[in-house]
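Undergrad: Starting off with a structure, shown below.
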Amino acid sequence: MKLNYKRLDLQLAHMWTIARGTGTNVFKAVTVELIGADGTVGLGEAAPTSRYKESVDTVQAFFKKVDARGLSFNDIEGSMTYLDTLSPHDMSAKCALNIALLDGAAKRAKKPICDFLELGFREAHHVTSFTIGIDTPDMIRKKVLEAERFPVLKVKVGVAEDKVNMQALREVAPTKTLRVDANEGWKTKEQALEMLEWLAKDGHIEFVEQPMPATTSAKDWVWLKQRSPLPIFGDESYHLAKDIAQAAEWFHGVNVKLVKTGGISAGFDALQAARKAGLKTMLGCMIESSILISAGAHLAELCDYLDVDGNLLITNDPYLGVTAEKGVLSFAGAPEKFGLRVSAR
């Protein structure tokens, strides 16, 4: 096996701001290729975030430690066990390699990954939301108008201007279905409940993600869940299947992201665990190219909700894979039949 990797600067269409960070126009990722002895190429991508103390530098440092002889398209579980011996963390780097391993394995089996995992993929069935980042009221109006073709929006909140920004959004799209993501922005249970009660009056909001920091005490999460008029979903508070007992006490649903779990394999397990626990399931993303977005789309059959729009927020996606015309995910026009169903432009 041979391992190649390179940095990738993803250019955003608009300044990207969420509750815990300053705005940026560029998101840095790392793409990988695993090349088997028979010439099979597996593609993967890491989208590291400082929230988990990761960056393109930490991803590349992890890749430098990897002996590609420890990886095999024929033994994905064993390959991941080997990667865990190198670091207990570095989940986005492991994610990239896991996706590449599954891409190669499914290509060898002459199946798309969704069929390789025995999930399938129903065309014209899966709808992704489109995210509106924190901005000025005028820019929010502009972004919402640009996103008119998407039936569901996700709006970022968790700052002092939340109510003004929400009012601006509703001036343009008064009844469009919304999902709200606070990104740990409300710091106390009282503030979170006040905002949840205010948002519930909107009448068109499906749920609210991560209303408080992941460091919030268990008793405060339970308190909020018991009182919230809207379903609350865990994102930063839910990473792996082993976290499910806690998540079931605190939340009505969870947001699984491949860069948190370490790839498709652990993402599959995290979604299945949530379903078995009776929680609603959502698959989310970072700012990503079509490699990671397509990887997530192969797990769509395990999800009640999808937020896989990272490639829709950028202007220089170097890959082609799953599409999202009017928000509806489709592999019908994908350039490849097998594996991730992704290729370079």
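Just so we're on the same page: first chain in the structure tokens is A, next is B, and so on; residues restart at 1 for each chain, and ligands are numbered from 1 in the order they show up.
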Mind running region 22-135 of chain A against region 255-265 of chain A at 7 Å and telling me each contacting residue's nearest atom pair with the distance in Å (one decimal), counting only C-alpha atoms, chain and number ascending, as a Markdown table?

TA:
```
| residue | atom | partner | partner_atom | distance |
| --- | --- | --- | --- | --- |
| A:Ala46 | CA | A:Val259 | CA | 6.9 |
| A:Ala47 | CA | A:Val259 | CA | 6.6 |
| A:Met91 | CA | A:Gly262 | CA | 4.5 |
| A:Ser92 | CA | A:Val259 | CA | 4.5 |
| A:Lys94 | CA | A:Gly262 | CA | 5.1 |
| A:Cys95 | CA | A:Gly263 | CA | 3.7 |
| A:Ala96 | CA | A:Gly263 | CA | 6.7 |
| A:Asn98 | CA | A:Gly263 | CA | 5.3 |
| A:Ile99 | CA | A:Gly263 | CA | 6.0 |
```

Undergrad: Would you write out those residues with C-alpha atoms, as a short mmCIF file (atom, residue, chain, number, x, y, z; two decimals), in the first residue's frame?

TA:
```
data_model
loop_
_atom_site.label_atom_id
_atom_site.label_comp_id
_atom_site.auth_asym_id
_atom_site.auth_seq_id
_atom_site.Cartn_x
_atom_site.Cartn_y
_atom_site.Cartn_z
CA ALA A 46 -9.68 15.15 6.68
CA ALA A 47 -11.51 18.36 7.67
CA MET A 91 -9.96 11.62 14.54
CA SER A 92 -10.10 13.66 11.35
CA LYS A 94 -8.23 8.60 10.94
CA CYS A 95 -11.45 9.61 9.19
CA ALA A 96 -9.59 10.33 5.95
CA ASN A 98 -11.00 5.05 6.95
CA ILE A 99 -12.88 6.59 4.03
#
```

Undergrad: Considering only C-alpha atoms, return as a list in words whatever protein or nucleic-acid residues lie within 6 Å of region 130-147 of chain A, sequence-local ones (same chain, fewer than 5 positions apart) excluded.

TA: Trp16, Thr17, Ile18, Leu153, Lys154, Val155, Lys156, Asn165, Ala168, Leu169 and Asp309 of chain A

Undergrad: Give me, as JSON, numbers by chain, all polymer residues having an atom no more than 6 Å from region 241-245 of chain A, counting only C-alpha atoms and skipping those fewer than 4 positions away in the same chain.

TA: {"A": [269, 270, 273]}

Undergrad: Keeping N, CA and C atoms, export the residues of the selection given above as a PDB file, in the first residue's frame.

TA:
```
ATOM      1  N   ASP A 269     -21.509   2.942  13.294  1.00  0.00           N
ATOM      2  CA  ASP A 269     -21.780   2.431  14.650  1.00  0.00           C
ATOM      3  C   ASP A 269     -22.472   3.474  15.526  1.00  0.00           C
ATOM      4  N   ALA A 270     -22.034   4.741  15.423  1.00  0.00           N
ATOM      5  CA  ALA A 270     -22.622   5.810  16.244  1.00  0.00           C
ATOM      6  C   ALA A 270     -24.081   6.052  15.870  1.00  0.00           C
ATOM      7  N   ALA A 273     -26.175   2.953  17.102  1.00  0.00           N
ATOM      8  CA  ALA A 273     -26.358   2.993  18.556  1.00  0.00           C
ATOM      9  C   ALA A 273     -27.444   3.990  18.938  1.00  0.00           C
TER      10      ALA A 273
END
```

Undergrad: Near Ser290 (chain A), counting only C-alpha atoms, which residues have an atom at most 10 Å away, once you skip same-chain residues fewer than 6 positions from it, shown as a list of chain:residue names?

TA: A:Glu45, A:Gly296, A:Ala297, A:Val308, A:Asp309, A:Gly310, A:Asn311, A:Leu312, A:Asp317, A:Pro318, A:Tyr319, A:Leu320, A:Gly321, A:Val322, A:Thr323, A:Leu340, A:Arg341, A:Val342, A:Ser343, A:Ala344

Undergrad: Taking the chain letters and numbering used in this document, name the residues of region 142-233 of chain A that DSSP puts in strand (DSSP E), as a list in words.

TA: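 Assigned to strand (DSSP E), within region 142-233 of chain A: Val152, Leu153, Lys154, Val155, Lys156, Thr177, Leu178, Arg179, Val180, Asp181, Ile205, Glu206, Phe207, Val208, Glu209, Ile232 and Phe233 of chain A.
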
Undergrad: Measuring between only C-alpha atoms, which one of A:Ala295, A:Val32, A:Ala248, A:Leu196 shows the shortest distance to Leu102 (chain A)?

TA: A:Ala295

Undergrad: From the options A:Thr177, A:Gln60, A:Gln272, A:Thr281, which residue's atoms come nearest to Phe251 (chain A), counting only C-alpha atoms?

TA: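 For Phe251 (chain A), the nearest of the candidates is A:Thr281.
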
Undergrad: Which residues, written as number ranges by chain, have at least one atom at most 6 Å from Met282 (chain A), with only C-alpha atoms counted and residues fewer than 3 positions away on the same chain left out?

TA: A: 255, 303-306

Undergrad: Grab the residues selected above and save them as an mmCIF file, in the first residue's frame with C-alpha atoms.

TA:
```
data_model
loop_
_atom_site.group_PDB
_atom_site.id
_atom_site.type_symbol
_atom_site.label_atom_id
_atom_site.label_comp_id
_atom_site.auth_asym_id
_atom_site.auth_seq_id
_atom_site.Cartn_x
_atom_site.Cartn_y
_atom_site.Cartn_z
ATOM 1 C CA ASN A 255 -25.638 14.831 15.136
ATOM 2 C CA CYS A 303 -30.462 9.158 9.269
ATOM 3 C CA ASP A 304 -33.678 11.007 10.062
ATOM 4 C CA TYR A 305 -32.072 14.313 9.079
ATOM 5 C CA LEU A 306 -29.124 15.336 6.921
#
```

Undergrad: Find the residue from A:Ala93, A:Leu240, A:Val157, A:Leu178 that sits nearest to Phe207 (chain A); use only C-alpha atoms when measuring.

TA: A:Leu178
